[in-house]
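S.K.: Please see the structure below; I have some questions.
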Amino acid sequence: MTAAIQSLTGRSAWKALEAHRQKVRELHLRQLFADDPKRGERLATEAVGLYLDYSKNRVTDETLKLLFQLAEECGLRARIEAMFRGEKINITENRAVLHVALRAPKGTSIIVDGEDVVPQVHAVLDKMADFSNRIRSGAWKGHTGKPIRNVINIGIGGSDLGPVMAYEALRHYSQRSINFRFVSNIDSTDFAEAVHDLDPSETLFIISSKTFTTLETMTNAHTARDWSLKGLGGDVSAVAKHFVAVSTNASKVSEFGIDTANMFEFWDWVGGRYSMDSAIGLSTMLAIGSDNFRALLDGFHEMDEHFRTAPLEQNLPVLLGLLAVWYTDFFGADTVAVLPYEQYLKRFPAYLQQLTMESNGKHVTLEGVEVDYSTGQIYWGEPGTNGQHSFYQLIHQGTRLIPCDFIAFVGTLNPLGRHHDMLLANVFAQAEALAFGKTPEQVKAEGTPDWLVPHRVFEGNRPSNTILADRLTPQMLGKLVAMYEHSVFTQGTIWNIDSFDQWGVELGKVLAQRIVPELESKAEPALGHDSSTNCLIRRYRQLREKTL
Ligand code: F6P
């Protein structure tokens, strides 16, 4: 008989944290900083070029000790090793979880089902590099002999968000003579707007889909094929020059009509939301070149090694992950705001949403038992300083606790006058204001009339991390993304959930497939949904003609 699995809330560190939470509940960051003048230096750590200041969190040394103890009790170390060894830790899909293999250097080895996957990874990278060089140099010609000037990635979820985010983040390093666009939504506007000013003879489509069955992507891919062929005189041989595929599914790729010689492979041990550094990153490589892409992978790998080997106390992803658990489960925080003070990272919060919420939005444990604690968090955010003039009011003076991750870079890629000093002054000021606020006494001392004082008080005690790095480079982006990937892993390990499946997206997909024929049928369909869904379908069918 196997020993009963210890429930998370029954663990001694968890119980100790609950008791400890009562003790620290009223503790204010003002007090914590006053009691320890070196707190800002002490509760900060630096690794692989990333400086993490976590001193403005509502934690004491005791809190941290208990959180590390919780990580030990939950077997975090063993779990990390299991992932890096290629064990099938995605148990509901019986798959290894090996995004770390995508950035493993040549010559290393990771065995999955008896096969070393690292040489396969490098073979695909070499194929991508060769293709990328031909497109970027103009050696690859379209059907009419023109070089490619437009690249459109068609994909959704992990086959879109990573590529979009990376393209925006690394635009500074991109080849400006090529336009990059991304089509994801099944809404025809997405495709129509992406191609409206483009010439098919200069346009390459990358059809990115792990499964090559996703409704949105396949619908857009067929529309792209029609658009392309129409513009190129209908000769199907044009497809070979204007379409490439990134997928794990070779048979579906050839069924679509793309020669598998023009397919860039990846594997089922790469989760969609963990795939931006696989062949799914083909558009990224086309934009920034193969050397920069390899630098991106090096950055990922450096963070992987740090995560695998650094002591928990100095381990950036572990610290971020444990702090997220602390606020989720002991303060009832529902969200984390990710606030990059770097315009190039404008799609980073959207990217993190899939990474974190698809991974940790789970309600049962690995054993299938309903959890009796909160899991997952809602990640959201906008680049600074824009958010300051929008939603920061609620973070500063609202009734909810919203831990924030500020991300900033010492150097800017676009130095212009005083902009960067002012940008950085703002990020430091926001973290300071959130933590320390402004007391009624301070507000009164400014001559504020009594009736206005409550409105102008800032309670403070609002937690944040500040992540500071020297400059946004491909390598740095890799480190940043890997840090969050492993923070998600840390949280999932504590919560004892499968962070690598996504069954929650299935039901809506299945229901949509059932509704499509009901919308398209000429004859009035017999509807067997609930009364609300039936009414909506009927109303759409009745009114559709009038809107055309
Ligand atoms: O939204 C569900 C999902 O399966 C994601 O996990 C994935 O990133 C996305 O759909 C796209 O899937 P595919 O790459 O197979 O088209």
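Every chain in the structure tokens takes a letter, A first, then B, and so on in the order presented; its residues are numbered from 1, and the ligands are numbered from 1 following the presented order.
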Can you work out which residues are within 7 Å of ligand 1, considering only C-alpha atoms and all ligand atoms, and then hand them over as a list of chain:residue names?
M.R.: A:Gly155, A:Ile156, A:Gly157, A:Gly158, A:Ser159, A:Ser208, A:Ser209, A:Lys210, A:Thr211, A:Phe212, A:Thr213, A:Thr214, A:Thr217, A:Gly271, A:Gly272, A:Arg273, A:Gln502, A:Val505
S.K.: Just N, CA and C atoms for this one: save the residues we selected as a PDB file, in the first residue's frame.
M.R.:
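Result file selection-v5.pdb:
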```
ATOM      1  N   GLY A 155      -0.926  31.715 -35.712  1.00  0.00           N
ATOM      2  CA  GLY A 155      -0.939  30.763 -34.590  1.00  0.00           C
ATOM      3  C   GLY A 155      -1.779  31.381 -33.489  1.00  0.00           C
ATOM      4  N   ILE A 156      -2.012  30.636 -32.430  1.00  0.00           N
ATOM      5  CA  ILE A 156      -2.796  31.199 -31.317  1.00  0.00           C
ATOM      6  C   ILE A 156      -2.272  30.624 -30.009  1.00  0.00           C
ATOM      7  N   GLY A 157      -2.555  31.288 -28.895  1.00  0.00           N
ATOM      8  CA  GLY A 157      -2.071  30.828 -27.593  1.00  0.00           C
ATOM      9  C   GLY A 157      -0.562  30.829 -27.599  1.00  0.00           C
ATOM     10  N   GLY A 158       0.017  29.714 -27.197  1.00  0.00           N
ATOM     11  CA  GLY A 158       1.473  29.622 -27.134  1.00  0.00           C
ATOM     12  C   GLY A 158       2.136  29.736 -28.497  1.00  0.00           C
ATOM     13  N   SER A 159       1.376  29.509 -29.549  1.00  0.00           N
ATOM     14  CA  SER A 159       1.950  29.610 -30.891  1.00  0.00           C
ATOM     15  C   SER A 159       1.839  31.030 -31.446  1.00  0.00           C
ATOM     16  N   SER A 208       1.948  28.245 -37.475  1.00  0.00           N
ATOM     17  CA  SER A 208       2.528  27.728 -36.227  1.00  0.00           C
ATOM     18  C   SER A 208       1.441  27.054 -35.406  1.00  0.00           C
ATOM     19  N   SER A 209       1.540  25.777 -35.259  1.00  0.00           N
ATOM     20  CA  SER A 209       0.559  25.074 -34.433  1.00  0.00           C
ATOM     21  C   SER A 209       1.144  23.737 -34.009  1.00  0.00           C
ATOM     22  N   LYS A 210       1.209  23.546 -32.716  1.00  0.00           N
ATOM     23  CA  LYS A 210       1.749  22.283 -32.206  1.00  0.00           C
ATOM     24  C   LYS A 210       0.945  21.115 -32.762  1.00  0.00           C
ATOM     25  N   THR A 211      -0.369  21.221 -32.696  1.00  0.00           N
ATOM     26  CA  THR A 211      -1.224  20.105 -33.111  1.00  0.00           C
ATOM     27  C   THR A 211      -1.584  20.147 -34.591  1.00  0.00           C
ATOM     28  N   PHE A 212      -1.556  21.325 -35.184  1.00  0.00           N
ATOM     29  CA  PHE A 212      -2.014  21.575 -36.555  1.00  0.00           C
ATOM     30  C   PHE A 212      -3.483  21.182 -36.726  1.00  0.00           C
ATOM     31  N   THR A 213      -4.246  21.326 -35.649  1.00  0.00           N
ATOM     32  CA  THR A 213      -5.691  21.055 -35.719  1.00  0.00           C
ATOM     33  C   THR A 213      -6.486  22.203 -35.107  1.00  0.00           C
ATOM     34  N   THR A 214      -5.820  23.176 -34.527  1.00  0.00           N
ATOM     35  CA  THR A 214      -6.534  24.240 -33.802  1.00  0.00           C
ATOM     36  C   THR A 214      -7.423  25.034 -34.763  1.00  0.00           C
ATOM     37  N   THR A 217      -6.358  28.610 -35.962  1.00  0.00           N
ATOM     38  CA  THR A 217      -5.155  28.628 -36.796  1.00  0.00           C
ATOM     39  C   THR A 217      -5.425  27.998 -38.154  1.00  0.00           C
ATOM     40  N   GLY A 271       5.449  22.160 -24.056  1.00  0.00           N
ATOM     41  CA  GLY A 271       4.090  22.683 -23.906  1.00  0.00           C
ATOM     42  C   GLY A 271       3.930  23.946 -24.739  1.00  0.00           C
ATOM     43  N   GLY A 272       2.707  24.181 -25.249  1.00  0.00           N
ATOM     44  CA  GLY A 272       2.474  25.359 -26.096  1.00  0.00           C
ATOM     45  C   GLY A 272       2.964  26.650 -25.461  1.00  0.00           C
ATOM     46  N   ARG A 273       2.638  26.849 -24.189  1.00  0.00           N
ATOM     47  CA  ARG A 273       3.000  28.116 -23.538  1.00  0.00           C
ATOM     48  C   ARG A 273       4.471  28.158 -23.119  1.00  0.00           C
ATOM     49  N   GLN A 502      -3.954  21.523 -19.728  1.00  0.00           N
ATOM     50  CA  GLN A 502      -4.878  22.659 -19.926  1.00  0.00           C
ATOM     51  C   GLN A 502      -6.255  22.148 -20.318  1.00  0.00           C
ATOM     52  N   VAL A 505      -9.497  24.324 -21.323  1.00  0.00           N
ATOM     53  CA  VAL A 505      -9.818  25.018 -22.576  1.00  0.00           C
ATOM     54  C   VAL A 505     -10.663  24.134 -23.499  1.00  0.00           C
TER      55      VAL A 505
END
```
S.K.: Could you give me, as a PDB file with C-alpha atoms, in the first residue's frame, the residues within 10 Å of Glu382 of chain A, counting only C-alpha atoms and dropping anything in the same chain fewer than 4 positions from it?
M.R.:
```pdb
ATOM      1  CA  ALA A 337       0.354  43.185 -11.569  1.00  0.00           C
ATOM      2  CA  VAL A 338       3.365  42.927 -13.861  1.00  0.00           C
ATOM      3  CA  LEU A 339       4.588  46.387 -14.662  1.00  0.00           C
ATOM      4  CA  PRO A 340       7.481  46.608 -17.094  1.00  0.00           C
ATOM      5  CA  TYR A 341       9.060  50.062 -17.237  1.00  0.00           C
ATOM      6  CA  GLU A 342      10.266  49.252 -20.725  1.00  0.00           C
ATOM      7  CA  GLN A 343       8.107  49.986 -23.740  1.00  0.00           C
ATOM      8  CA  LEU A 345       8.007  44.717 -23.065  1.00  0.00           C
ATOM      9  CA  LYS A 346       4.502  45.933 -23.783  1.00  0.00           C
ATOM     10  CA  ARG A 347       3.224  42.434 -24.606  1.00  0.00           C
ATOM     11  CA  PHE A 348       5.048  40.782 -21.719  1.00  0.00           C
ATOM     12  CA  PRO A 349       2.033  40.852 -19.333  1.00  0.00           C
ATOM     13  CA  ALA A 350      -0.184  39.270 -22.025  1.00  0.00           C
ATOM     14  CA  ASN A 386       1.012  54.406 -18.787  1.00  0.00           C
ATOM     15  CA  GLY A 387      -0.541  52.308 -16.027  1.00  0.00           C
ATOM     16  CA  GLN A 388       0.148  55.093 -13.525  1.00  0.00           C
ATOM     17  CA  SER A 390      -4.961  54.459 -15.423  1.00  0.00           C
ATOM     18  CA  PHE A 391      -5.245  51.695 -12.825  1.00  0.00           C
TER      19      PHE A 391
END
```
S.K.: So which residues of segment 116-187 of chain A fall under helix (DSSP H, G or I) by DSSP, listed as an MDAnalysis selection string?
M.R.: chainID A and resid 118:137 157:159 161:169 171:173
S.K.: Can you tell me, as a list in words, what residues are no more than 8 Å from Phe68 of chain A when counting only C-alpha atoms, ignoring any on the same chain fewer than 3 positions away?
M.R.: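 Residues meeting the cut-off are Leu64, Lys65, Ala71, Glu72, Leu312, Glu313 and Leu322 of chain A.
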S.K.: So that I can check the surroundings of segment 495-498 of chain A, please list as a VMD selection string every protein, DNA and RNA residue that reaches within 9 Å of it, counting only C-alpha atoms and ignoring chain neighbours fewer than 3 positions away.
M.R.: chain A and resid 7 to 8 74 89 to 92 325 359 to 360 362 to 368 371 373 to 376 490 to 492 501 to 502
S.K.: Let's have the selection written as a compact mmCIF listing (two decimals), in the first residue's frame, with C-alpha atoms.
M.R.:
```txt
# COMPACT_ATOMS: atom_id res chain seq x y z
CA SER A 7 -2.19 17.36 1.96
CA LEU A 8 -0.72 20.82 1.57
CA CYS A 74 6.70 19.89 -0.84
CA ILE A 89 5.75 15.02 -14.69
CA ASN A 90 2.80 16.14 -16.83
CA ILE A 91 0.88 13.20 -15.52
CA THR A 92 -2.54 13.83 -17.02
CA VAL A 325 2.00 31.60 -2.82
CA SER A 359 -0.46 26.56 -16.05
CA ASN A 360 -1.76 27.12 -12.55
CA LYS A 362 -6.30 24.22 -11.60
CA HIS A 363 -8.80 23.05 -8.98
CA VAL A 364 -7.58 19.53 -8.27
CA THR A 365 -4.27 18.12 -7.08
CA LEU A 366 -2.08 15.73 -9.03
CA GLU A 367 -4.03 12.96 -7.32
CA GLY A 368 -7.31 14.43 -8.59
CA VAL A 371 -7.91 21.57 -3.39
CA TYR A 373 -6.63 26.36 -0.86
CA SER A 374 -6.39 28.91 -3.65
CA THR A 375 -4.25 28.21 -6.68
CA GLY A 376 -3.26 30.35 -9.64
CA THR A 490 7.60 26.55 -8.07
CA GLN A 491 4.02 27.64 -7.37
CA GLY A 492 2.57 24.57 -9.08
CA ASP A 501 -1.97 20.40 -18.85
CA GLN A 502 -4.88 22.66 -19.93
```
S.K.: Could you name the residues that touch Tyr167 of chain A at 10 Å or less, counting only C-alpha atoms, but leaving out those on the same chain fewer than 5 positions away, as an MDAnalysis selection string?
M.R.: chainID A and resid 161:162 172:174 180:182 281 283:288 344:345 347
S.K.: Write down as a list of chain:residue names the residues belonging to segment 416-534 of chain A that are assigned strand (DSSP E) by DSSP computed on the backbone.
M.R.: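 Those residues are A:Ser464, A:Asn465, A:Thr466, A:Ile467, A:Leu468, A:Ala469.
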S.K.: Using only C-alpha atoms, find the one residue out of A:Ala324, A:Ala221, A:Ser228, A:Arg176 that sits nearest to Ala245 of chain A.
M.R.: A:Ala221
S.K.: Taking only C-alpha atoms into account, name the residue in A:Gly398, A:Gly361, A:Pro311, A:Pro317 that is nearest to Glu485 of chain A.
M.R.: A:Pro317
S.K.: Would you compute the distance between atom CA of Glu193 of chain A and atom CA of Val244 of chain A? Give it in Å to one decimal.
M.R.: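 Distance reported for this atom pair: 21.1 Å.
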S.K.: Can you pull out the residues contacting Arg400 of chain A? Cut-off 9 Å, using only C-alpha atoms, and skip same-chain residues under 6 positions away; I want them as number ranges by chain.
M.R.: A: 333-334, 394
S.K.: Mind writing the picked residues with C-alpha atoms as a PDB file, in the first residue's frame?
M.R.:
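Contents of again-v8.pdb, as written:
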```pdb
ATOM      1  CA  ALA A 333      -4.663  38.201  -3.101  1.00  0.00           C
ATOM      2  CA  ASP A 334      -6.242  37.283  -6.425  1.00  0.00           C
ATOM      3  CA  LEU A 394      -6.773  51.235  -7.213  1.00  0.00           C
TER       4      LEU A 394
END
```
S.K.: Find the residues around Ile378 of chain A up to 7 Å (only C-alpha atoms counted), leave out those fewer than 4 positions away in its own chain, and share them as a list of chain:residue names.
M.R.: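 Residues meeting the cut-off are A:Asp334, A:Thr335, A:Val336, A:Met357.
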S.K.: Using only N, CA and C atoms, please write the residues we just selected to a file, as an mmCIF file, in the first residue's frame.
M.R.:
```cif
data_model
loop_
_atom_site.group_PDB
_atom_site.id
_atom_site.type_symbol
_atom_site.label_atom_id
_atom_site.label_comp_id
_atom_site.auth_asym_id
_atom_site.auth_seq_id
_atom_site.Cartn_x
_atom_site.Cartn_y
_atom_site.Cartn_z
ATOM 1 N N ASP A 334 -5.794 38.006 -5.227
ATOM 2 C CA ASP A 334 -6.242 37.283 -6.425
ATOM 3 C C ASP A 334 -5.376 37.560 -7.636
ATOM 4 N N THR A 335 -4.673 38.683 -7.614
ATOM 5 C CA THR A 335 -3.962 39.070 -8.834
ATOM 6 C C THR A 335 -2.524 39.495 -8.541
ATOM 7 N N VAL A 336 -1.738 39.495 -9.590
ATOM 8 C CA VAL A 336 -0.388 40.065 -9.549
ATOM 9 C C VAL A 336 -0.292 41.032 -10.723
ATOM 10 N N MET A 357 -1.578 31.551 -16.046
ATOM 11 C CA MET A 357 -2.975 31.181 -15.770
ATOM 12 C C MET A 357 -3.363 29.857 -16.411
#
```
S.K.: Just to confirm, what's the straight-line distance from atom CA of Leu527 of chain A to atom CA of Ile515 of chain A in Å (one decimal)?
M.R.: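 Straight-line distance from atom CA of Leu527 of chain A to atom CA of Ile515 of chain A works out to 9.2 Å.
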S.K.: Between atom CA of Ser521 of chain A and atom CA of Lys509 of chain A, what is the distance, to one decimal in Å?
M.R.: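 A separation of 19.2 Å between them.
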